[in-house]
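J.: Just one file: run31.txt, with compact mmCIF, C-alpha atoms (C1' of nucleotides).
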# COMPACT_ATOMS: atom_id res chain seq x y z
CA MET A 4 14.58 3.01 -34.37
CA ALA A 5 15.01 1.06 -31.15
CA ARG A 6 13.81 -1.90 -29.25
CA PRO A 7 10.01 -1.65 -29.02
CA ARG A 8 8.07 -2.00 -25.79
CA SER A 9 6.16 -5.16 -25.41
CA GLY A 10 2.40 -4.87 -25.02
CA ASP A 11 2.48 -8.33 -23.52
CA LYS A 12 4.80 -7.14 -20.79
CA LYS A 13 2.57 -4.28 -19.83
CA LYS A 14 -0.36 -6.61 -19.67
CA ALA A 15 1.70 -9.07 -17.63
CA ILE A 16 2.44 -6.33 -15.10
CA LEU A 17 -1.23 -5.36 -14.81
CA ASP A 18 -2.22 -9.01 -14.44
CA ALA A 19 0.42 -9.56 -11.80
CA ALA A 20 -0.65 -6.42 -9.94
CA LEU A 21 -4.26 -7.60 -9.98
CA ARG A 22 -3.28 -11.01 -8.65
CA ILE A 23 -1.01 -9.75 -5.90
CA CYS A 24 -3.35 -6.96 -4.81
CA ALA A 25 -6.26 -9.39 -4.60
CA GLU A 26 -4.23 -11.87 -2.57
CA ARG A 27 -2.46 -9.53 -0.18
CA GLY A 28 -4.22 -6.18 -0.45
CA ILE A 29 -2.86 -3.05 -2.06
CA GLY A 30 -0.72 -2.26 0.96
CA GLY A 31 0.84 -5.71 0.84
CA ALA A 32 1.72 -5.53 -2.83
CA PRO A 33 5.26 -4.16 -3.18
CA THR A 34 6.47 -3.34 -6.65
CA SER A 35 9.19 -5.95 -6.18
CA ALA A 36 6.58 -8.69 -5.78
CA ILE A 37 4.61 -7.43 -8.77
CA SER A 38 7.71 -7.40 -10.98
CA LYS A 39 8.63 -10.87 -9.89
CA ALA A 40 5.13 -12.19 -10.56
CA ALA A 41 5.19 -10.54 -13.98
CA GLY A 42 8.51 -12.20 -14.76
CA ILE A 43 10.48 -8.99 -15.27
CA ALA A 44 13.20 -7.12 -13.44
CA GLU A 45 12.24 -4.71 -10.68
CA GLY A 46 13.47 -1.75 -12.67
CA SER A 47 11.52 -2.64 -15.79
CA LEU A 48 8.24 -1.99 -14.06
CA PHE A 49 9.18 1.67 -14.08
CA THR A 50 9.70 1.84 -17.80
CA TYR A 51 6.02 0.93 -18.20
CA PHE A 52 4.68 2.93 -15.24
CA LYS A 53 6.32 6.06 -13.93
CA THR A 54 5.28 5.37 -10.33
CA LYS A 55 3.39 2.74 -8.40
CA ASP A 56 0.40 5.08 -8.20
CA ASP A 57 0.38 5.34 -11.97
CA LEU A 58 0.24 1.58 -12.14
CA LEU A 59 -2.66 1.44 -9.70
CA ASN A 60 -4.56 4.12 -11.60
CA GLU A 61 -4.13 2.28 -14.85
CA LEU A 62 -5.15 -0.97 -13.23
CA TYR A 63 -8.32 0.75 -12.07
CA LEU A 64 -9.15 1.99 -15.55
CA THR A 65 -8.44 -1.42 -17.05
CA LEU A 66 -10.72 -3.23 -14.63
CA ARG A 67 -13.50 -0.73 -15.12
CA SER A 68 -13.45 -0.91 -18.87
CA GLU A 69 -13.22 -4.67 -18.70
CA PHE A 70 -16.55 -4.70 -16.92
CA SER A 71 -18.17 -2.46 -19.50
CA ARG A 72 -16.87 -4.76 -22.21
CA ASN A 73 -18.94 -7.47 -20.52
CA LEU A 74 -22.15 -5.63 -21.34
CA ARG A 75 -21.87 -6.23 -25.06
CA GLU A 76 -25.39 -7.58 -25.48
CA PHE A 77 -27.07 -4.91 -23.44
CA PRO A 78 -30.82 -4.95 -24.24
CA HIS A 79 -31.14 -1.34 -25.38
CA GLY A 80 -34.74 -1.42 -26.42
CA GLN A 81 -36.29 -3.03 -23.41
CA ASP A 82 -37.76 -1.43 -20.32
CA ALA A 83 -35.82 -0.19 -17.33
CA ARG A 84 -36.41 -3.30 -15.27
CA ASP A 85 -34.91 -5.59 -17.89
CA ARG A 86 -31.94 -3.33 -18.48
CA LEU A 87 -31.23 -3.00 -14.78
CA ARG A 88 -31.62 -6.72 -14.38
CA TYR A 89 -29.14 -7.30 -17.18
CA ILE A 90 -26.53 -5.14 -15.44
CA TRP A 91 -27.30 -6.81 -12.12
CA ASP A 92 -26.84 -10.28 -13.59
CA LYS A 93 -23.62 -9.37 -15.36
CA PHE A 94 -22.25 -7.84 -12.21
CA LEU A 95 -23.00 -10.94 -10.15
CA GLU A 96 -21.63 -13.11 -12.93
CA LEU A 97 -18.36 -11.22 -12.91
CA GLY A 98 -18.27 -11.39 -9.14
CA ALA A 99 -18.59 -15.16 -9.27
CA ALA A 100 -16.12 -15.67 -12.11
CA HIS A 101 -13.50 -13.12 -11.06
CA PRO A 102 -13.92 -12.16 -7.44
CA GLU A 103 -10.42 -10.61 -7.47
CA GLN A 104 -11.47 -7.99 -9.98
CA LEU A 105 -14.29 -6.57 -7.92
CA LYS A 106 -12.31 -6.92 -4.72
CA VAL A 107 -9.41 -4.93 -6.11
CA LEU A 108 -11.73 -2.40 -7.73
CA ALA A 109 -13.30 -1.74 -4.33
CA GLN A 110 -9.89 -1.56 -2.65
CA LEU A 111 -8.63 0.93 -5.20
CA ARG A 112 -11.69 3.08 -4.77
CA ALA A 113 -11.15 3.08 -1.01
CA SER A 114 -7.42 3.71 -1.22
CA GLY A 115 -7.67 7.42 -1.94
CA LYS A 116 -4.92 7.05 -4.53
CA LEU A 117 -7.07 7.45 -7.61
CA LEU A 118 -6.90 10.61 -9.65
CA LYS A 119 -10.21 12.35 -10.27
CA GLU A 120 -9.69 12.43 -14.00
CA ASN A 121 -9.80 8.66 -13.85
CA GLU A 122 -13.52 8.58 -13.26
CA PRO A 123 -14.85 9.13 -16.76
CA PRO A 124 -18.51 8.21 -17.11
CA ASN A 125 -18.68 4.65 -18.18
CA PHE A 126 -21.11 2.91 -20.47
CA ALA A 127 -22.30 0.88 -17.50
CA LEU A 128 -22.62 3.99 -15.36
CA VAL A 129 -24.56 5.93 -17.96
CA GLU A 130 -26.98 3.09 -18.53
CA LEU A 131 -27.39 2.61 -14.79
CA MET A 132 -28.18 6.30 -14.46
CA LYS A 133 -30.83 6.09 -17.16
CA ALA A 134 -32.39 2.93 -15.79
CA THR A 135 -32.66 4.21 -12.22
CA ALA A 136 -34.04 7.52 -13.44
CA GLU A 137 -36.74 5.67 -15.36
CA ALA A 138 -37.46 3.35 -12.47
CA THR A 139 -38.08 6.22 -10.09
CA GLU A 140 -40.10 8.29 -12.52
CA GLY A 141 -43.26 9.61 -10.92
CA ASN A 142 -42.30 8.54 -7.41
CA GLY A 143 -40.68 10.49 -4.59
CA LEU A 144 -37.23 9.07 -5.25
CA HIS A 145 -37.04 11.06 -8.43
CA ASP A 146 -36.12 14.10 -6.31
CA VAL A 147 -32.96 12.42 -5.14
CA PRO A 148 -29.76 12.88 -7.20
CA GLY A 149 -29.11 10.16 -9.73
CA GLU A 150 -25.57 9.67 -8.40
CA TYR A 151 -27.01 8.68 -5.06
CA LEU A 152 -29.21 6.02 -6.63
CA VAL A 153 -26.27 4.69 -8.63
CA LEU A 154 -24.14 4.41 -5.50
CA MET A 155 -26.99 2.59 -3.79
CA VAL A 156 -27.34 0.10 -6.60
CA ARG A 157 -23.61 -0.53 -6.73
CA ALA A 158 -23.41 -1.00 -2.98
CA GLN A 159 -26.25 -3.51 -3.05
CA ALA A 160 -24.67 -5.42 -5.90
CA GLU A 161 -21.29 -5.47 -4.17
CA ILE A 162 -22.72 -6.74 -0.92
CA THR A 163 -24.59 -9.42 -2.81
CA VAL A 164 -21.46 -10.60 -4.60
CA GLU A 165 -19.51 -10.63 -1.37
CA PHE A 166 -22.20 -12.55 0.43
CA ILE A 167 -22.58 -15.07 -2.36
CA ASN A 168 -18.85 -15.70 -2.45
CA ALA A 169 -18.89 -16.32 1.28
CA HIS A 170 -22.07 -18.45 1.15
CA PRO A 171 -22.41 -19.97 -2.32
CA GLU A 172 -25.39 -22.05 -1.24
CA PHE A 173 -27.45 -18.84 -1.22
CA ALA A 174 -26.40 -17.71 -4.68
CA GLY A 175 -29.77 -18.30 -6.29
CA VAL A 176 -31.89 -16.73 -3.54
CA CYS A 177 -29.68 -13.69 -3.20
CA ARG A 178 -29.52 -13.09 -6.93
CA GLU A 179 -33.32 -13.19 -7.26
CA LEU A 180 -34.46 -11.65 -4.03
CA GLY A 181 -31.61 -9.16 -3.92
CA PHE A 182 -32.81 -7.80 -7.23
CA LYS A 183 -36.41 -7.85 -6.10
CA MET A 184 -35.42 -5.81 -3.08
CA LEU A 185 -33.49 -3.39 -5.23
CA TRP A 186 -36.33 -2.95 -7.68
CA LYS A 187 -38.98 -2.62 -5.01
CA GLY A 188 -36.83 -0.04 -3.30
CA LEU A 189 -36.58 2.02 -6.46
CA THR A 190 -40.17 1.74 -7.65
CA GLY A 191 -42.26 0.59 -4.73
CA GLU A 192 -43.58 -2.12 -7.03
CA MET B 15 2.26 -2.70 43.93
CA ALA B 16 4.11 -0.68 41.32
CA ARG B 17 3.63 2.17 39.00
CA PRO B 18 0.14 1.82 37.44
CA ARG B 19 -0.79 2.30 33.81
CA SER B 20 -2.86 5.29 32.96
CA GLY B 21 -6.33 4.75 31.54
CA ASP B 22 -6.22 8.26 30.17
CA LYS B 23 -3.12 7.46 28.20
CA LYS B 24 -4.71 4.44 26.60
CA LYS B 25 -7.71 6.50 25.64
CA ALA B 26 -5.43 9.21 24.27
CA ILE B 27 -3.75 6.65 22.05
CA LEU B 28 -7.06 5.35 20.73
CA ASP B 29 -8.28 8.90 20.11
CA ALA B 30 -5.08 9.78 18.30
CA ALA B 31 -5.26 6.62 16.22
CA LEU B 32 -8.82 7.45 15.22
CA ARG B 33 -7.85 10.98 14.24
CA ILE B 34 -4.78 10.01 12.24
CA CYS B 35 -6.43 7.04 10.53
CA ALA B 36 -9.37 9.20 9.50
CA GLU B 37 -7.09 11.89 8.14
CA ARG B 38 -4.52 9.81 6.35
CA GLY B 39 -5.94 6.30 6.09
CA ILE B 40 -4.78 3.26 8.02
CA GLY B 41 -1.82 2.75 5.70
CA GLY B 42 -0.70 6.33 6.26
CA ALA B 43 -0.92 6.16 10.03
CA PRO B 44 2.50 5.15 11.39
CA THR B 45 2.76 4.37 15.07
CA SER B 46 5.22 7.24 15.42
CA ALA B 47 2.56 9.71 14.29
CA ILE B 48 -0.04 8.16 16.58
CA SER B 49 2.29 8.37 19.59
CA LYS B 50 3.13 11.95 18.81
CA ALA B 51 -0.53 12.91 18.45
CA ALA B 52 -1.27 11.17 21.74
CA GLY B 53 1.48 13.12 23.44
CA ILE B 54 3.57 10.13 24.46
CA ALA B 55 6.87 8.60 23.43
CA GLU B 56 6.98 6.14 20.54
CA GLY B 57 7.93 3.29 22.81
CA SER B 58 5.10 3.91 25.27
CA LEU B 59 2.51 2.98 22.69
CA PHE B 60 3.81 -0.57 22.95
CA THR B 61 3.29 -0.84 26.67
CA TYR B 62 -0.44 -0.29 26.02
CA PHE B 63 -0.71 -2.31 22.80
CA LYS B 64 1.55 -5.23 22.00
CA THR B 65 1.43 -4.56 18.26
CA LYS B 66 -0.09 -2.07 15.87
CA ASP B 67 -2.65 -4.67 14.85
CA ASP B 68 -3.70 -5.03 18.47
CA LEU B 69 -4.25 -1.31 18.60
CA LEU B 70 -6.35 -1.39 15.43
CA ASN B 71 -8.43 -4.28 16.70
CA GLU B 72 -9.11 -2.51 19.96
CA LEU B 73 -9.94 0.68 18.09
CA TYR B 74 -12.47 -1.28 16.08
CA LEU B 75 -14.13 -2.67 19.20
CA THR B 76 -14.20 0.74 20.83
CA LEU B 77 -15.85 2.39 17.87
CA ARG B 78 -18.43 -0.35 17.56
CA SER B 79 -19.47 -0.24 21.16
CA GLU B 80 -19.55 3.53 21.05
CA PHE B 81 -22.22 3.32 18.38
CA SER B 82 -24.30 0.89 20.41
CA ARG B 83 -24.05 3.23 23.37
CA ASN B 84 -25.79 5.79 21.12
CA LEU B 85 -28.93 3.69 20.98
CA ARG B 86 -29.80 4.23 24.62
CA GLU B 87 -33.39 5.29 23.97
CA PHE B 88 -34.16 2.50 21.54
CA PRO B 89 -37.96 2.21 21.21
CA HIS B 90 -38.28 -1.41 22.24
CA GLY B 91 -42.03 -1.67 22.20
CA GLN B 92 -42.76 -0.16 18.82
CA ASP B 93 -43.13 -1.83 15.46
CA ALA B 94 -40.28 -2.87 13.19
CA ARG B 95 -40.52 0.22 11.01
CA ASP B 96 -40.06 2.60 13.91
CA ARG B 97 -37.22 0.60 15.38
CA LEU B 98 -35.43 0.39 12.05
CA ARG B 99 -36.01 4.08 11.50
CA TYR B 100 -34.52 4.83 14.90
CA ILE B 101 -31.34 2.94 14.03
CA TRP B 102 -31.25 4.60 10.60
CA ASP B 103 -31.55 8.06 12.11
CA LYS B 104 -28.93 7.39 14.76
CA PHE B 105 -26.56 6.06 12.15
CA LEU B 106 -26.96 9.10 9.94
CA GLU B 107 -26.69 11.35 12.98
CA LEU B 108 -23.39 9.76 13.93
CA GLY B 109 -22.22 10.01 10.34
CA ALA B 110 -22.91 13.73 10.34
CA ALA B 111 -21.44 14.40 13.79
CA HIS B 112 -18.42 12.12 13.58
CA PRO B 113 -17.68 11.17 10.00
CA GLU B 114 -14.22 9.94 11.06
CA GLN B 115 -15.70 7.19 13.17
CA LEU B 116 -17.67 5.58 10.37
CA LYS B 117 -14.90 6.16 7.89
CA VAL B 118 -12.34 4.42 10.05
CA LEU B 119 -14.76 1.65 10.94
CA ALA B 120 -15.24 0.93 7.24
CA GLN B 121 -11.51 1.10 6.61
CA LEU B 122 -10.77 -1.30 9.42
CA ARG B 123 -13.38 -3.73 8.14
CA ALA B 124 -11.80 -3.59 4.68
CA SER B 125 -8.23 -3.89 5.94
CA GLY B 126 -8.33 -7.62 6.56
CA LYS B 127 -6.49 -7.06 9.83
CA LEU B 128 -9.38 -7.73 12.17
CA LEU B 129 -9.49 -10.91 14.20
CA LYS B 130 -12.67 -12.97 13.89
CA GLU B 131 -13.24 -13.05 17.63
CA ASN B 132 -13.64 -9.29 17.38
CA GLU B 133 -17.06 -9.56 15.78
CA PRO B 134 -19.27 -10.28 18.79
CA PRO B 135 -22.95 -9.70 18.10
CA ASN B 136 -23.75 -6.18 19.04
CA PHE B 137 -26.89 -4.69 20.53
CA ALA B 138 -27.35 -2.71 17.32
CA LEU B 139 -26.74 -5.79 15.22
CA VAL B 140 -29.19 -7.95 17.16
CA GLU B 141 -31.92 -5.34 16.95
CA LEU B 142 -31.26 -4.82 13.26
CA MET B 143 -31.58 -8.56 12.75
CA LYS B 144 -34.93 -8.66 14.55
CA ALA B 145 -36.29 -5.61 12.76
CA THR B 146 -35.36 -6.85 9.28
CA ALA B 147 -36.75 -10.28 10.07
CA GLU B 148 -40.07 -8.73 11.09
CA ALA B 149 -40.10 -6.44 8.09
CA THR B 150 -39.72 -9.31 5.67
CA GLU B 151 -42.17 -11.58 7.42
CA GLY B 152 -44.59 -13.15 4.99
CA ASN B 153 -42.74 -11.95 1.90
CA GLY B 154 -40.19 -13.70 -0.28
CA LEU B 155 -37.22 -12.01 1.31
CA HIS B 156 -37.80 -14.00 4.44
CA ASP B 157 -36.03 -16.92 2.74
CA VAL B 158 -32.85 -14.96 2.53
CA PRO B 159 -30.37 -15.16 5.42
CA GLY B 160 -30.74 -12.43 8.02
CA GLU B 161 -27.02 -11.62 7.77
CA TYR B 162 -27.51 -10.71 4.14
CA LEU B 163 -30.28 -8.28 4.95
CA VAL B 164 -28.21 -6.72 7.70
CA LEU B 165 -25.29 -6.20 5.34
CA MET B 166 -27.67 -4.63 2.83
CA VAL B 167 -29.03 -2.22 5.38
CA ARG B 168 -25.60 -1.27 6.60
CA ALA B 169 -24.36 -0.71 3.07
CA GLN B 170 -27.32 1.52 2.27
CA ALA B 171 -26.80 3.53 5.44
CA GLU B 172 -23.08 3.91 4.77
CA ILE B 173 -23.61 5.09 1.23
CA THR B 174 -26.18 7.56 2.46
CA VAL B 175 -23.84 8.99 5.07
CA GLU B 176 -21.03 9.24 2.56
CA PHE B 177 -23.25 10.94 0.02
CA ILE B 178 -24.66 13.39 2.54
CA ASN B 179 -21.20 14.34 3.72
CA ALA B 180 -20.18 15.01 0.13
CA HIS B 181 -23.44 16.86 -0.70
CA PRO B 182 -24.91 18.28 2.49
CA GLU B 183 -27.62 20.10 0.58
CA PHE B 184 -29.28 16.73 -0.02
CA ALA B 185 -29.19 15.63 3.62
CA GLY B 186 -32.93 15.87 4.16
CA VAL B 187 -34.01 14.19 0.94
CA CYS B 188 -31.53 11.35 1.31
CA ARG B 189 -32.42 10.71 4.92
CA GLU B 190 -36.13 10.48 4.11
CA LEU B 191 -36.13 8.91 0.72
CA GLY B 192 -33.18 6.66 1.48
CA PHE B 193 -35.15 5.16 4.30
CA LYS B 194 -38.26 4.91 2.18
CA MET B 195 -36.23 3.01 -0.41
CA LEU B 196 -34.81 0.74 2.25
CA TRP B 197 -38.20 0.01 3.77
CA LYS B 198 -39.90 -0.52 0.44
CA GLY B 199 -37.13 -2.87 -0.54
CA LEU B 200 -37.62 -4.94 2.57
CA THR B 201 -41.40 -5.01 2.67
CA GLY B 202 -42.65 -4.02 -0.77
CA GLU B 203 -44.86 -1.45 1.03
C1' DT C 15 13.24 -0.22 48.14
C1' DC C 16 11.51 -2.41 44.42
C1' DT C 17 8.46 -2.90 40.59
C1' DT C 18 6.97 -1.23 36.48
C1' DA C 19 5.73 2.77 33.42
C1' DA C 20 8.02 6.07 30.40
C1' DT C 21 11.45 7.55 27.22
C1' DG C 22 13.55 8.10 22.59
C1' DA C 23 17.65 6.76 20.15
C1' DG C 24 18.51 2.62 17.94
C1' DT C 25 17.66 -1.72 14.97
C1' DG C 26 16.69 -4.35 11.11
C1' DA C 27 13.48 -5.43 7.70
C1' DG C 28 11.27 -3.52 4.13
C1' DT C 29 10.00 0.11 0.40
C1' DA C 30 9.73 2.93 -3.98
C1' DG C 31 12.46 4.48 -7.14
C1' DT C 32 17.38 5.16 -9.63
C1' DC C 33 21.21 4.31 -12.50
C1' DA C 34 25.31 2.62 -15.01
C1' DG C 35 25.92 -0.89 -17.84
C1' DT C 36 24.05 -4.40 -21.29
C1' DC C 37 21.62 -5.90 -25.05
C1' DA C 38 17.91 -6.38 -28.76
C1' DC C 39 16.25 -4.33 -32.52
C1' DA C 40 15.17 -0.93 -36.49
C1' DC C 41 17.34 1.56 -39.79
C1' DC C 42 20.82 2.74 -43.19
C1' DA C 43 25.13 2.50 -46.14
C1' DT C 44 27.60 -0.27 -48.40
C1' DA D 3 22.84 -9.57 -47.95
C1' DT D 4 26.02 -7.68 -44.52
C1' DG D 5 27.87 -4.96 -41.07
C1' DG D 6 27.60 -0.83 -38.41
C1' DT D 7 25.23 2.49 -35.45
C1' DG D 8 21.78 4.93 -32.62
C1' DT D 9 18.07 4.32 -29.56
C1' DG D 10 15.81 2.90 -25.82
C1' DA D 11 14.19 -1.40 -23.38
C1' DC D 12 16.11 -4.28 -19.83
C1' DT D 13 18.62 -5.55 -15.66
C1' DG D 14 19.48 -5.86 -10.63
C1' DA D 15 22.39 -3.91 -7.31
C1' DC D 16 21.99 0.23 -4.93
C1' DT D 17 20.16 4.42 -2.43
C1' DA D 18 17.59 6.98 0.63
C1' DC D 19 13.98 6.53 3.44
C1' DT D 20 10.09 4.72 6.38
C1' DC D 21 8.23 1.58 9.49
C1' DA D 22 7.12 -1.41 13.53
C1' DC D 23 9.22 -2.65 17.27
C1' DT D 24 13.28 -3.00 21.06
C1' DC D 25 16.07 -1.87 24.85
C1' DA D 26 19.08 0.47 28.19
C1' DT D 27 18.12 3.91 31.13
C1' DT D 28 15.42 7.02 34.04
C1' DA D 29 11.51 8.37 36.84
C1' DA D 30 7.30 7.47 39.30
C1' DG D 31 4.73 5.56 42.82
C1' DA D 32 3.32 1.66 46.08
If you took the structure in this file and wrote it as structure tokens, what would it be?

T.:
Amino acid sequence: MARPRSGDKKKAILDAALRICAERGIGGAPTSAISKAAGIAEGSLFTYFKTKDDLLNELYLTLRSEFSRNLREFPHGQDARDRLRYIWDKFLELGAAHPEQLKVLAQLRASGKLLKENEPPNFALVELMKATAEATEGNGLHDVPGEYLVLMVRAQAEITVEFINAHPEFAGVCRELGFKMLWKGLTGE
Amino acid sequence: MARPRSGDKKKAILDAALRICAERGIGGAPTSAISKAAGIAEGSLFTYFKTKDDLLNELYLTLRSEFSRNLREFPHGQDARDRLRYIWDKFLELGAAHPEQLKVLAQLRASGKLLKENEPPNFALVELMKATAEATEGNGLHDVPGEYLVLMVRAQAEITVEFINAHPEFAGVCRELGFKMLWKGLTGE
DNA sequence: TCTTAATGAGTGAGTAGTCAGTCACACCAT
DNA sequence: ATGGTGTGACTGACTACTCACTCATTAAGA
């Protein structure tokens, strides 16, 4: 019965927010700059997102699910090492292709502005849980909470991406040996 | 020859900044709040620090050197495992005793406001470098840059502290098995 | 006395969010 | 087809507020 909202516009806002936040940090990303980058009026941003925090929360969800969408060909049948390696490779791949995405994801997580209900277990997270649980089966690490292992893996992957982006000449070594280190740490093998 | 500045006052400002940044994040720590918490007038803050960024940079240096001062009884003679374990334990100890310090340190590092000249190699950093280099001697990881290994170790220690603070009941397991994981990762042993 | 620390109201540059007015579009009656 | 009408998206100037930093003045101390 009235003028419909434009899905494109919402996407444009999220894209703009991602760009500006990556460039200048969340703190340095005023809604005015985001609107401008999205090609809309300052006020229009608030017809798509009630507050700036709402926008940031939705950006977080979007980025997360975008990563899971990357795991389309996940090798379900194979053993834990292959599955973990697949996630590792995809993560590093994303880090190389879209460093902004991981940077902003990390910034959002650190910002303290995310609502708790915005942490639904992910496909990636669930599979990571399963793989680390299998990897540590029958060794001492199995006593440790799975969440701890997942955080460890993510931290190692994030550091690796960051380091590779700063020193691309080590991309190959870090990808291989970083995973070796991770796997040895989990299994002792 | 004139009225002298007070060292106490400077320290009070740094203490207040640490407290407020830990509580409310760097973004939520206005200079007015820091001055108030330090018990001085808003303007006085700027006789001790030219800008807020200067204050944050000096806070960063202070916190870093404070951690190194914690390593007084570093076991110089012993093997790499013991030395690394000493640093690991001290790090977790600090994380338990003063979670604000590590939290703010991480926030400052992520803020993008730190000057490069503020990253002088530390005692802790140098020893960490040596220990990881020894640990990886004669295994594939030795091809990887030492800085990468150091970042890995720090990330693992930070995650462990964070996790323990959130789930104190796992403090013992995470301290022990976290280190085991770290050491296995480095050496394969 | 003379320099400089200390004070806190003041300044100006932002900021998130609002709002009255405008306009594009879906729907309906002719 | 055609014109009219209700709805809500769209706009950007505006508001109320916060922030880092300044400055005229006062007080301390060498």

J.: Could you pull the residues within 8 Å of region 44-49 of chain B, counting all atoms listed in the file, minus those fewer than 3 positions along the same chain, as a PyMOL selection string?

T.: (chain B and resi 27+30-31+34+41+52-56+58-59+66) or (chain D and resi 21-22)

J.: Please compute the CA of Asn142 (chain A)-CA of Asp85 (chain A) distance, one decimal, in Å.

T.: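 Between CA of Asn142 (chain A) and CA of Asp85 (chain A) the gap is 19.1 Å.
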
J.: Measuring atom to atom with only C-alpha atoms (C1' of nucleotides), identify which of A:Pro7, A:Pro123, A:Gly115, A:Gly149 is nearest to DT9 (chain D).

T.: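 Residue with the minimum atom-to-atom distance to DT9 (chain D): A:Pro7.
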
J.: Mind listing as number ranges by chain which residues of chain D are within 9 Å of chain B, counting all atoms listed in the file?

T.: D: 21-24, 30-32

J.: Output the contact residues of chain A with respect to chain B at a cut-off of 6 Å, based on only C-alpha atoms, as a tab-separated table (two decimals) with C-alpha atoms, in the coordinates of the input.

T.:
chain	number	residue	atom	x	y	z
A	184	MET	CA	-35.42	-5.81	-3.08
A	185	LEU	CA	-33.49	-3.39	-5.23
A	187	LYS	CA	-38.98	-2.62	-5.01
A	188	GLY	CA	-36.83	-0.04	-3.30
A	191	GLY	CA	-42.26	0.59	-4.73

J.: Taking only C-alpha atoms (C1' of nucleotides) into account, what are the residues of chain C at most 10 Å from chain A, put as a PyMOL selection string?

T.: chain C and resi 28-33+37-41

J.: Between CA of Ser71 (chain A) and CA of Ala99 (chain A), what distance in Å does the model show, to one decimal?

T.: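 Going from CA of Ser71 (chain A) over to CA of Ala99 (chain A), I get 16.3 Å.
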
J.: Using all atoms listed in the file, determine which residues lie at most 12 Å from Pro89 (chain B), disregarding the query and same-chain residues fewer than 3 positions distant; provide the list as a PDB file with C-alpha atoms, in the coordinates of the input.

T.:
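As written to disk, selection-v3.pdb reads:
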ATOM      1  CA  LEU B  85     -28.930   3.690  20.980  1.00  0.00           C
ATOM      2  CA  ARG B  86     -29.800   4.230  24.620  1.00  0.00           C
ATOM      3  CA  GLN B  92     -42.760  -0.160  18.820  1.00  0.00           C
ATOM      4  CA  ASP B  93     -43.130  -1.830  15.460  1.00  0.00           C
ATOM      5  CA  ALA B  94     -40.280  -2.870  13.190  1.00  0.00           C
ATOM      6  CA  ARG B  95     -40.520   0.220  11.010  1.00  0.00           C
ATOM      7  CA  ASP B  96     -40.060   2.600  13.910  1.00  0.00           C
ATOM      8  CA  ARG B  97     -37.220   0.600  15.380  1.00  0.00           C
ATOM      9  CA  LEU B  98     -35.430   0.390  12.050  1.00  0.00           C
ATOM     10  CA  ARG B  99     -36.010   4.080  11.500  1.00  0.00           C
ATOM     11  CA  TYR B 100     -34.520   4.830  14.900  1.00  0.00           C
ATOM     12  CA  ILE B 101     -31.340   2.940  14.030  1.00  0.00           C
ATOM     13  CA  GLU B 141     -31.920  -5.340  16.950  1.00  0.00           C
ATOM     14  CA  ALA B 145     -36.290  -5.610  12.760  1.00  0.00           C
TER      15      ALA B 145
END

J.: Which neighbours of DA26 (chain D) fall inside 12 Å, counting only C-alpha atoms (C1' of nucleotides), when residues of the same chain fewer than 3 positions from it are skipped, and could you give them as a CSV table (one decimal) with C-alpha atoms (C1' of nucleotides), in the frame of the given file?

T.:
chain,number,residue,atom,x,y,z
C,21,DT,C1',11.4,7.6,27.2
C,22,DG,C1',13.6,8.1,22.6
C,23,DA,C1',17.6,6.8,20.2
C,24,DG,C1',18.5,2.6,17.9

J.: Give me, please, the distance in Å between CA of Ala36 (chain B) and CA of Tyr74 (chain B), quoted to one decimal.

T.: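 CA of Ala36 (chain B) sits 12.8 Å away from CA of Tyr74 (chain B).
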
J.: Identify the residues around (25.5, 1.9, -14.4) within a radius of 12 Å, measuring from all atoms listed in the file in the coordinates stated by the file, and give them as JSON, numbers by chain.

T.: {"C": [32, 33, 34, 35, 36], "D": [13, 14, 15, 16]}

J.: Produce a file of the selected residues containing C-alpha atoms (C1' of nucleotides), as a PDB file, in the coordinates of the input.

T.:
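Contents of again34.pdb, as written:
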ATOM      1  C1'  DT C  32      17.380   5.160  -9.630  1.00  0.00           C
ATOM      2  C1'  DC C  33      21.210   4.310 -12.500  1.00  0.00           C
ATOM      3  C1'  DA C  34      25.310   2.620 -15.010  1.00  0.00           C
ATOM      4  C1'  DG C  35      25.920  -0.890 -17.840  1.00  0.00           C
ATOM      5  C1'  DT C  36      24.050  -4.400 -21.290  1.00  0.00           C
TER       6       DT C  36
ATOM      7  C1'  DT D  13      18.620  -5.550 -15.660  1.00  0.00           C
ATOM      8  C1'  DG D  14      19.480  -5.860 -10.630  1.00  0.00           C
ATOM      9  C1'  DA D  15      22.390  -3.910  -7.310  1.00  0.00           C
ATOM     10  C1'  DC D  16      21.990   0.230  -4.930  1.00  0.00           C
TER      11       DC D  16
END

J.: Env of Phe126 (chain A): 12 Å cut, atoms = only C-alpha atoms (C1' of nucleotides), seq-sep filter 6 positions within chain, self excluded. Answer as a PDB file with C-alpha atoms, in the coordinates of the input.

T.:
ATOM      1  CA  ARG A  67     -13.500  -0.730 -15.120  1.00  0.00           C
ATOM      2  CA  SER A  68     -13.450  -0.910 -18.870  1.00  0.00           C
ATOM      3  CA  GLU A  69     -13.220  -4.670 -18.700  1.00  0.00           C
ATOM      4  CA  PHE A  70     -16.550  -4.700 -16.920  1.00  0.00           C
ATOM      5  CA  SER A  71     -18.170  -2.460 -19.500  1.00  0.00           C
ATOM      6  CA  ARG A  72     -16.870  -4.760 -22.210  1.00  0.00           C
ATOM      7  CA  ASN A  73     -18.940  -7.470 -20.520  1.00  0.00           C
ATOM      8  CA  LEU A  74     -22.150  -5.630 -21.340  1.00  0.00           C
ATOM      9  CA  ARG A  75     -21.870  -6.230 -25.060  1.00  0.00           C
ATOM     10  CA  PHE A  77     -27.070  -4.910 -23.440  1.00  0.00           C
ATOM     11  CA  HIS A  79     -31.140  -1.340 -25.380  1.00  0.00           C
ATOM     12  CA  ILE A  90     -26.530  -5.140 -15.440  1.00  0.00           C
ATOM     13  CA  MET A 132     -28.180   6.300 -14.460  1.00  0.00           C
ATOM     14  CA  LYS A 133     -30.830   6.090 -17.160  1.00  0.00           C
TER      15      LYS A 133
END
